[in-house]
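Participant: Here you go, protein33.txt (compact mmCIF, C-alpha atoms):
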# COMPACT_ATOMS: atom_id res chain seq x y z
CA ALA Y 127 59.14 109.76 82.98
CA GLY Y 128 55.70 110.31 84.49
CA GLU Y 129 55.15 113.52 82.54
CA THR Y 130 52.15 114.34 80.36
CA ILE Y 131 52.95 114.94 76.69
CA ARG Y 132 50.90 116.01 73.66
CA VAL Y 133 51.43 114.19 70.37
CA ALA Y 134 50.47 115.83 67.08
CA VAL Y 135 50.22 113.98 63.76
CA PHE Y 136 50.76 116.04 60.61
CA VAL Y 137 49.68 114.90 57.15
CA THR Y 138 50.41 116.34 53.71
CA HIS Y 139 46.75 116.73 52.75
CA GLY Y 140 44.03 117.20 55.29
CA SER Y 141 44.04 117.75 59.01
CA GLY Y 142 46.10 115.80 61.53
CA ALA Y 143 45.18 114.49 64.92
CA THR Y 144 46.45 115.32 68.38
CA PHE Y 145 46.18 113.35 71.57
CA GLN Y 146 47.52 113.53 75.07
CA THR Y 147 49.18 110.75 77.00
CA GLU Y 148 51.27 110.23 80.09
CA LEU Y 149 54.74 108.71 80.01
CA PRO Y 150 55.35 105.72 82.30
CA PHE Y 151 56.70 106.80 85.68
CA VAL Y 152 60.10 105.33 86.55
CA LYS Y 153 62.41 106.90 89.09
CA LEU Y 154 65.81 105.79 90.34
CA LEU Y 155 66.79 107.06 93.76
CA ILE Y 156 70.43 107.30 94.86
CA GLY Y 157 70.63 107.14 98.64
CA SER Y 158 73.77 107.08 100.72
CA ILE Y 159 77.16 107.71 99.10
CA LYS Y 160 79.95 106.54 101.36
CA PHE Y 161 83.74 106.64 101.39
CA SER Y 162 86.19 104.69 103.54
CA PRO Y 163 89.35 106.74 104.28
CA GLU Y 164 91.47 103.56 104.12
CA LYS Y 165 90.19 102.66 100.64
CA GLY Y 166 90.94 105.59 98.37
CA ASN Y 167 89.83 103.78 95.22
CA GLN Y 168 86.43 102.60 96.41
CA LEU Y 169 83.00 104.20 96.51
CA ASN Y 170 79.82 102.69 97.95
CA LEU Y 171 76.33 103.87 97.07
CA THR Y 172 72.74 102.75 97.52
CA VAL Y 173 70.33 102.68 94.57
CA GLU Y 174 66.56 102.16 94.75
CA ASN Y 175 63.92 101.74 92.09
CA SER Y 176 61.07 103.85 93.48
CA PRO Y 177 58.04 101.90 94.75
CA SER Y 178 56.00 104.20 92.45
CA SER Y 179 57.84 103.05 89.33
CA VAL Y 180 55.68 101.09 86.88
CA THR Y 181 58.37 98.67 85.77
CA TYR Y 182 61.70 97.11 86.58
CA VAL Y 183 65.05 98.47 85.36
CA ASN Y 184 68.41 96.87 84.62
CA LEU Y 185 71.36 98.75 86.12
CA THR Y 186 74.25 98.78 83.64
CA SER Y 187 76.93 101.28 84.75
CA VAL Y 188 77.90 104.17 87.00
CA THR Y 189 79.25 107.45 85.65
CA ILE Y 190 80.87 110.24 87.66
CA PHE Y 191 81.36 113.88 86.65
CA VAL Y 192 83.88 116.04 88.48
CA ASN Y 193 84.28 119.63 87.28
CA ASP Y 194 82.55 118.63 84.01
CA ARG Y 195 85.05 115.80 83.49
CA PHE Y 196 83.72 112.33 82.78
CA GLU Y 197 85.07 109.43 84.85
CA GLU Y 198 83.86 105.84 84.80
CA ALA Y 199 83.30 104.09 88.11
CA TYR Y 200 83.69 100.33 87.61
CA VAL Y 201 81.11 98.39 89.60
CA VAL Y 202 82.80 95.38 91.20
CA GLU Y 203 79.89 94.21 93.36
CA PRO Y 204 77.28 93.07 92.51
CA ARG Y 205 77.86 92.07 88.92
CA LEU Y 206 76.02 94.19 86.34
CA PRO Y 207 73.56 94.24 84.65
CA LEU Y 208 71.34 93.95 87.72
CA ALA Y 209 67.52 93.95 87.65
CA LEU Y 210 65.69 96.13 90.18
CA ASN Y 211 61.93 95.75 90.55
CA PRO Y 212 59.84 98.65 91.88
CA GLY Y 213 60.67 99.07 95.58
CA ASP Y 214 63.92 97.09 95.33
CA ARG Y 215 67.24 98.57 96.41
CA CYS Y 216 70.86 97.47 96.24
CA ASN Y 217 74.32 98.53 97.39
CA LEU Y 218 76.93 99.11 94.69
CA THR Y 219 80.67 98.92 95.36
CA CYS Y 220 82.53 100.90 92.69
CA LEU Y 221 86.20 101.36 91.87
CA TRP Y 222 86.95 105.09 91.57
CA VAL Y 223 90.08 106.87 92.79
CA TRP Y 224 88.44 109.71 94.72
CA THR Y 225 91.48 110.74 96.77
CA ILE Y 226 92.63 113.11 94.02
CA HIS Y 227 89.26 114.89 94.33
CA GLN Y 228 89.27 115.67 98.04
CA ASN Y 229 87.37 118.86 98.89
CA GLU Y 230 85.54 118.75 95.53
CA THR Y 231 81.92 118.22 94.57
CA PHE Y 232 80.88 115.59 92.06
CA THR Y 233 77.80 114.11 90.40
CA VAL Y 234 77.12 110.38 90.23
CA ILE Y 235 74.81 108.95 87.56
CA VAL Y 236 73.45 105.40 87.56
CA ASN Y 237 72.58 104.21 84.04
CA THR Y 238 70.06 101.56 83.00
CA LEU Y 239 69.46 99.38 79.96
CA GLN Y 240 66.05 101.03 79.49
CA GLY Y 241 67.54 104.54 79.35
CA TYR Y 242 66.36 105.72 82.76
CA LYS Y 243 68.97 107.39 84.95
CA GLY Y 244 69.44 108.13 88.62
CA LYS Y 245 71.41 111.25 89.52
CA ALA Y 246 72.77 112.71 92.76
CA GLY Y 247 75.35 115.27 93.81
CA SER Y 248 77.82 114.73 96.63
CA TYR Y 249 81.09 115.95 98.09
CA VAL Y 250 84.46 114.28 98.73
CA PRO Y 251 85.65 115.10 102.25
CA THR Y 252 89.30 115.78 103.01
CA TYR Y 253 90.45 112.75 104.97
CA VAL Y 254 94.23 113.03 104.53
CA THR Y 255 96.53 115.98 103.94
CA LEU Y 256 100.15 115.23 103.01
CA ARG Y 257 102.75 117.95 102.53
CA ILE Y 258 106.28 117.89 101.15
CA SER Y 259 108.14 120.47 103.21
CA SER Y 260 111.65 120.20 101.76
CA ILE Y 261 113.66 118.59 98.97
CA LEU Y 262 117.44 118.59 99.37
CA PHE Y 263 120.06 117.81 96.74
CA ASP Y 264 123.72 117.54 97.76
CA PRO Y 265 125.87 118.92 94.91
CA ALA Y 266 128.74 116.77 96.15
CA ASN Y 267 126.68 113.57 95.83
CA PRO Y 268 124.36 113.60 92.81
CA SER Y 269 123.38 109.96 93.28
CA LYS Y 270 120.66 110.67 95.83
CA PHE Y 271 118.40 113.29 97.41
CA ASN Y 272 116.30 113.76 100.53
CA VAL Y 273 112.60 114.60 100.62
CA THR Y 274 110.69 115.42 103.81
CA VAL Y 275 106.95 114.74 104.04
CA THR Y 276 104.36 115.35 106.77
CA ASN Y 277 101.01 113.74 107.45
CA ASP Y 278 99.01 116.68 108.77
CA GLN Y 279 97.44 116.58 112.22
CA SER Y 280 94.03 117.08 110.59
CA SER Y 281 94.28 113.74 108.76
CA VAL Y 282 91.90 111.11 110.09
CA ILE Y 283 94.15 108.09 109.47
CA PRO Y 284 97.83 107.16 109.24
CA VAL Y 285 99.02 106.34 105.72
CA ASN Y 286 101.56 103.90 104.33
CA LEU Y 287 104.15 105.51 102.06
CA THR Y 288 104.91 103.20 99.14
CA GLY Y 289 106.86 105.15 96.52
CA VAL Y 290 108.60 108.30 95.28
CA TYR Y 291 108.39 109.36 91.63
CA ILE Y 292 110.17 111.98 89.55
CA THR Y 293 108.25 113.56 86.66
CA PHE Y 294 110.04 115.57 83.97
CA VAL Y 295 108.63 118.51 82.02
CA ASN Y 296 107.88 116.21 79.07
CA GLY Y 297 105.54 114.15 81.27
CA THR Y 298 107.67 111.01 81.64
CA SER Y 299 108.19 109.61 85.15
CA VAL Y 300 110.73 107.41 86.87
CA GLY Y 301 110.70 105.87 90.30
CA ALA Y 302 113.36 106.59 92.91
CA ILE Y 303 114.67 103.84 95.17
CA VAL Y 304 114.02 104.76 98.79
CA LEU Y 305 117.07 103.77 100.85
CA SER Y 306 115.62 104.72 104.21
CA PRO Y 307 113.33 104.27 105.91
CA ARG Y 308 112.22 101.00 104.40
CA LEU Y 309 108.95 101.13 102.47
CA PRO Y 310 106.10 100.75 103.08
CA TYR Y 311 106.48 103.21 105.94
CA THR Y 312 103.54 104.06 108.19
CA LEU Y 313 103.29 107.82 108.63
CA HIS Y 314 100.99 108.72 111.48
CA GLN Y 315 99.01 111.93 111.90
CA ASN Y 316 101.14 114.93 112.87
CA GLU Y 317 104.32 113.00 111.98
CA THR Y 318 107.15 113.97 109.66
CA VAL Y 319 109.72 111.72 108.00
CA THR Y 320 112.68 112.33 105.70
CA LEU Y 321 113.11 109.84 102.87
CA VAL Y 322 116.60 109.21 101.53
CA CYS Y 323 116.17 108.41 97.84
CA LEU Y 324 118.56 106.90 95.33
CA TRP Y 325 118.41 108.59 91.90
CA ASP Y 326 121.31 109.78 89.78
CA TRP Y 327 120.41 113.37 88.88
CA SER Y 328 123.86 114.28 87.51
CA MET Y 329 122.44 114.31 83.97
CA TYR Y 330 119.58 116.58 85.02
CA ARG Y 331 121.37 119.50 86.65
CA GLY Y 332 119.38 122.72 86.62
CA LYS Y 333 116.20 120.96 85.51
CA GLU Y 334 112.65 121.50 86.73
CA ILE Y 335 111.13 118.29 88.07
CA LYS Y 336 108.08 117.27 90.07
CA LEU Y 337 108.44 114.93 93.03
CA THR Y 338 105.42 112.84 93.99
CA ILE Y 339 105.00 110.62 97.04
CA ILE Y 340 102.25 108.00 96.90
CA THR Y 341 100.60 105.84 99.54
CA LEU Y 342 99.00 102.42 99.70
CA GLU Y 343 95.66 104.11 100.39
CA ARG Y 344 95.89 106.06 97.07
CA TYR Y 345 96.69 109.45 98.58
CA LYS Y 346 99.57 111.42 97.13
CA THR Y 347 101.36 114.73 97.36
CA SER Y 348 103.58 116.51 94.84
CA LYS Y 349 105.99 119.43 94.75
CA MET Y 350 107.94 121.16 92.00
CA CYS Y 351 111.65 121.73 92.45
CA LYS Y 352 114.83 122.41 90.51
CA THR Y 353 118.02 120.41 90.72
CA PRO Y 354 121.25 122.34 91.49
Please go through the file and, once you have read it, give me the structure as structure tokens.
Facilitator:
Amino acid sequence: AGETIRVAVFVTHGSGATFQTELPFVKLLIGSIKFSPEKGNQLNLTVENSPSSVTYVNLTSVTIFVNDRFEEAYVVEPRLPLALNPGDRCNLTCLWVWTIHQNETFTVIVNTLQGYKGKAGSYVPTYVTLRISSILFDPANPSKFNVTVTNDQSSVIPVNLTGVYITFVNGTSVGAIVLSPRLPYTLHQNETVTLVCLWDWSMYRGKEIKLTIITLERYKTSKMCKTP
């Protein structure tokens, strides 16, 4: 948009014509891109149709690329499509689980009905670091296990633990019942807690599994282990 192009017309017999023209200038500007540490599935961004644009645009969707992977960000406010006249701006609230991309760069693209696009790069800060320090199975009692998790002192918020999941090598997952402490459990910064989980692993002795702890804020941590 806004560039000068040369158009050439070719004919079978005789000479063609060439002329030069300038494409209409339309530019979408993506301003602030903001995260709230307490809302790990929400992204807020500001979009402006440049005052120099020659026409309005209709915003239709938001696309995000992380490490060349395509992810759709569903705009929940305002409702799309949304018309933006030259000089107009708006704030978009999008649903996108960014907590799994902490400490990674990404590209956000705002699409329009007219084919114009706005593009900007950004970075997901590390707001919360969770670590599983130990997983203990008691061979004498295969009905349960203990898992110890820490919310690192560098985390900016406490998190609410909501579940423990076991994933097998074939990709299937099951949830463990947490006996204590009662969930949801608020785990503050620089705090460690041991979860006593009910799950009969007697049929899975000597198996590789992955334990994952999730939070209400959409953060999670995982660790591989092997049952006795």
Participant: Give me the box for stretch 148-167 of chain Y as lines of an AutoDock Vina configuration file, namely the centre and edge lengths in Å to one decimal of a box along x, y and z that holds every listed atom plus 3 Å on each side.
Facilitator:
center_x = 71.4
center_y = 106.4
center_z = 92.1
size_x = 46.2
size_y = 13.6
size_z = 30.3
Participant: Of the candidates Y:Ala266, Y:Leu239, Y:Thr172, Y:Asn193, which shows the shortest atom-to-atom distance to Y:Cys220, using all atoms listed in the file?
Facilitator: Y:Thr172
Participant: Using Å and a single decimal, report how far atom CA of Y:Thr225 sits from atom CA of Y:Ile190.
Facilitator: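 It comes out at 14.0 Å.
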Participant: Could you tell me, as a list in words, which residues have any atom at most 12 Å from (84.6, 102.0, 100.6), counting all atoms listed in the file?
Facilitator: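 Nearby residues: Ser158, Ile159, Lys160, Phe161, Ser162, Pro163, Glu164, Lys165, Gly166, Asn167, Gln168, Leu169, Asn170, Leu171, Val202, Glu203, Asn217, Leu218, Thr219, Cys220, Leu221, Trp222, Val223, Trp224, Thr225 and Glu343 of chain Y.
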Participant: Can you pull out the residues contacting Y:Ser248? Cut-off 8 Å, using all atoms listed in the file, and skip same-chain residues under 4 positions away; I want them as JSON, numbers by chain.
Facilitator: {"Y": [159, 231, 232, 233, 234]}
Participant: Emit the selected residues as a CSV table (one decimal), in the frame of the given file, including C-alpha atoms.
Facilitator:
chain,number,residue,atom,x,y,z
Y,159,ILE,CA,77.2,107.7,99.1
Y,231,THR,CA,81.9,118.2,94.6
Y,232,PHE,CA,80.9,115.6,92.1
Y,233,THR,CA,77.8,114.1,90.4
Y,234,VAL,CA,77.1,110.4,90.2
